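Taking it in order: structure first as structure tokens, then the write-up.
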Amino acid sequence: MPATRTLVILRHAKAAWPEGVADLERPLAPRGTRDAPEAGRWLHDHLARLDLVITSPALRARQTWELAGVELGYAPEGWRDRRLYARPLDELLELIAEIGDDVQTALLVGHNPELSQLASSLSGSDIELSTAGIAVLGLPGGWRGISPGAAQLHSSVTPRAG
């Protein structure tokens, strides 16, 4: 049986709603640019190491990771995946199942309601991620063993700038 893996889910920080800007290109709001580094500091302080980061292609998710990732002090492998932007739960589960066996801890950066639904489905707990909210889940069956109810919720937090 594969060793336990850690899945970290990060909802993007607070986004702006500029008029005439397509949803994919919405940037972070000033509060988001303050909270994203706080999320990164929390990740730095509470996780041993991130091996892989997968972000939504949306600008606000990419900016969240750019600001949070600086706080780690190292650069994990990463890529963007369209399945983290307005896609159904089964596609998110497929994405997770594709993570390589060499990855111990993976971070997904995306959007609600999908990420809250993912965290809730995997853990069997009611999890509502606020902007810049983080859920940390243990997957005893590894990446390929991902299924609803298969994870254990370790943490659910919303770091905020003071």
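Numbering starts fresh at 1 for the residues of each chain in the structure tokens, the chains themselves are lettered A, B, ... in the order given, and ligands are numbered from 1 as they appear.
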
Hey, which bits of stretch 53-100 of chain A sit within 10 Å of stretch 118-122 of chain A, and for each residue what's the closest pair of atoms and how far apart in Å (one decimal), counting only C-alpha atoms, rows by chain and increasing number, as CSV?
residue,atom,partner,partner_atom,distance
A:Pro88,CA,A:Leu118,CA,9.4
A:Leu89,CA,A:Leu118,CA,6.4
A:Asp90,CA,A:Leu118,CA,9.3
A:Leu92,CA,A:Leu118,CA,7.6
A:Leu93,CA,A:Leu118,CA,8.2

Restricting the output to N, CA and C atoms, write the selected residues as a PDB file, in the first residue's frame.
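File produced: result_38.pdb:
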ATOM      1  N   PRO A  88     -15.780  20.194 -12.837  1.00  0.00           N
ATOM      2  CA  PRO A  88     -16.476  19.347 -11.856  1.00  0.00           C
ATOM      3  C   PRO A  88     -15.515  18.521 -10.994  1.00  0.00           C
ATOM      4  N   LEU A  89     -16.057  18.029  -9.889  1.00  0.00           N
ATOM      5  CA  LEU A  89     -15.287  17.265  -8.911  1.00  0.00           C
ATOM      6  C   LEU A  89     -14.554  16.078  -9.531  1.00  0.00           C
ATOM      7  N   ASP A  90     -15.194  15.359 -10.445  1.00  0.00           N
ATOM      8  CA  ASP A  90     -14.535  14.178 -11.016  1.00  0.00           C
ATOM      9  C   ASP A  90     -13.260  14.556 -11.773  1.00  0.00           C
ATOM     10  N   LEU A  92     -11.286  17.109 -10.938  1.00  0.00           N
ATOM     11  CA  LEU A  92     -10.289  17.397  -9.906  1.00  0.00           C
ATOM     12  C   LEU A  92      -9.699  16.102  -9.340  1.00  0.00           C
ATOM     13  N   LEU A  93     -10.550  15.100  -9.152  1.00  0.00           N
ATOM     14  CA  LEU A  93     -10.062  13.804  -8.676  1.00  0.00           C
ATOM     15  C   LEU A  93      -9.129  13.159  -9.695  1.00  0.00           C
TER      16      LEU A  93
END

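When only C-alpha atoms are used to compute distances to A:Thr4, the closest of the residues A:Ser156, A:Thr55, A:Thr105, A:Ser130 turns out to be A:Thr105.
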
query: Near A:Ala135, within 6 Å and counting only C-alpha atoms, which residues show up once chain neighbours fewer than 4 positions away are dropped, as a ChimeraX atom specification?
result: /A:8-9,155-156

Residues of the last selection are to be written out with all heavy atoms, as a PDB file, in the first residue's frame.
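As a result, part_2.pdb now contains:
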ATOM      1  N   VAL A   8      -2.635  19.629  -0.095  1.00  0.00           N
ATOM      2  CA  VAL A   8      -2.912  20.953   0.453  1.00  0.00           C
ATOM      3  C   VAL A   8      -3.747  21.698  -0.583  1.00  0.00           C
ATOM      4  O   VAL A   8      -3.408  21.721  -1.769  1.00  0.00           O
ATOM      5  CB  VAL A   8      -1.604  21.721   0.750  1.00  0.00           C
ATOM      6  CG1 VAL A   8      -1.904  23.056   1.414  1.00  0.00           C
ATOM      7  CG2 VAL A   8      -0.668  20.875   1.600  1.00  0.00           C
ATOM      8  N   ILE A   9      -4.840  22.281  -0.132  1.00  0.00           N
ATOM      9  CA  ILE A   9      -5.754  23.003  -1.007  1.00  0.00           C
ATOM     10  C   ILE A   9      -5.757  24.461  -0.563  1.00  0.00           C
ATOM     11  O   ILE A   9      -6.011  24.760   0.603  1.00  0.00           O
ATOM     12  CB  ILE A   9      -7.170  22.405  -0.917  1.00  0.00           C
ATOM     13  CG1 ILE A   9      -7.143  20.929  -1.358  1.00  0.00           C
ATOM     14  CG2 ILE A   9      -8.154  23.218  -1.754  1.00  0.00           C
ATOM     15  CD1 ILE A   9      -8.441  20.190  -1.099  1.00  0.00           C
ATOM     16  N   SER A 155      -5.841  20.068   8.882  1.00  0.00           N
ATOM     17  CA  SER A 155      -5.971  21.487   9.215  1.00  0.00           C
ATOM     18  C   SER A 155      -6.914  22.160   8.246  1.00  0.00           C
ATOM     19  O   SER A 155      -6.986  21.772   7.069  1.00  0.00           O
ATOM     20  CB  SER A 155      -4.623  22.216   9.093  1.00  0.00           C
ATOM     21  OG  SER A 155      -3.652  21.668   9.926  1.00  0.00           O
ATOM     22  N   SER A 156      -7.605  23.175   8.719  1.00  0.00           N
ATOM     23  CA  SER A 156      -8.387  24.070   7.875  1.00  0.00           C
ATOM     24  C   SER A 156      -8.269  25.454   8.480  1.00  0.00           C
ATOM     25  O   SER A 156      -8.755  25.675   9.599  1.00  0.00           O
ATOM     26  CB  SER A 156      -9.854  23.611   7.814  1.00  0.00           C
ATOM     27  OG  SER A 156     -10.601  24.476   6.967  1.00  0.00           O
TER      28      SER A 156
END

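A straight line drawn from atom CA of A:Gly100 to atom CA of A:Gln117 is 23.3 Å long.
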
message: Residues within 7 Å of A:Arg60, please, as an MDAnalysis selection string. Count only C-alpha atoms; anything in the same chain fewer than 6 positions from it doesn't count.
response: chainID A and resid 12 15 26:28
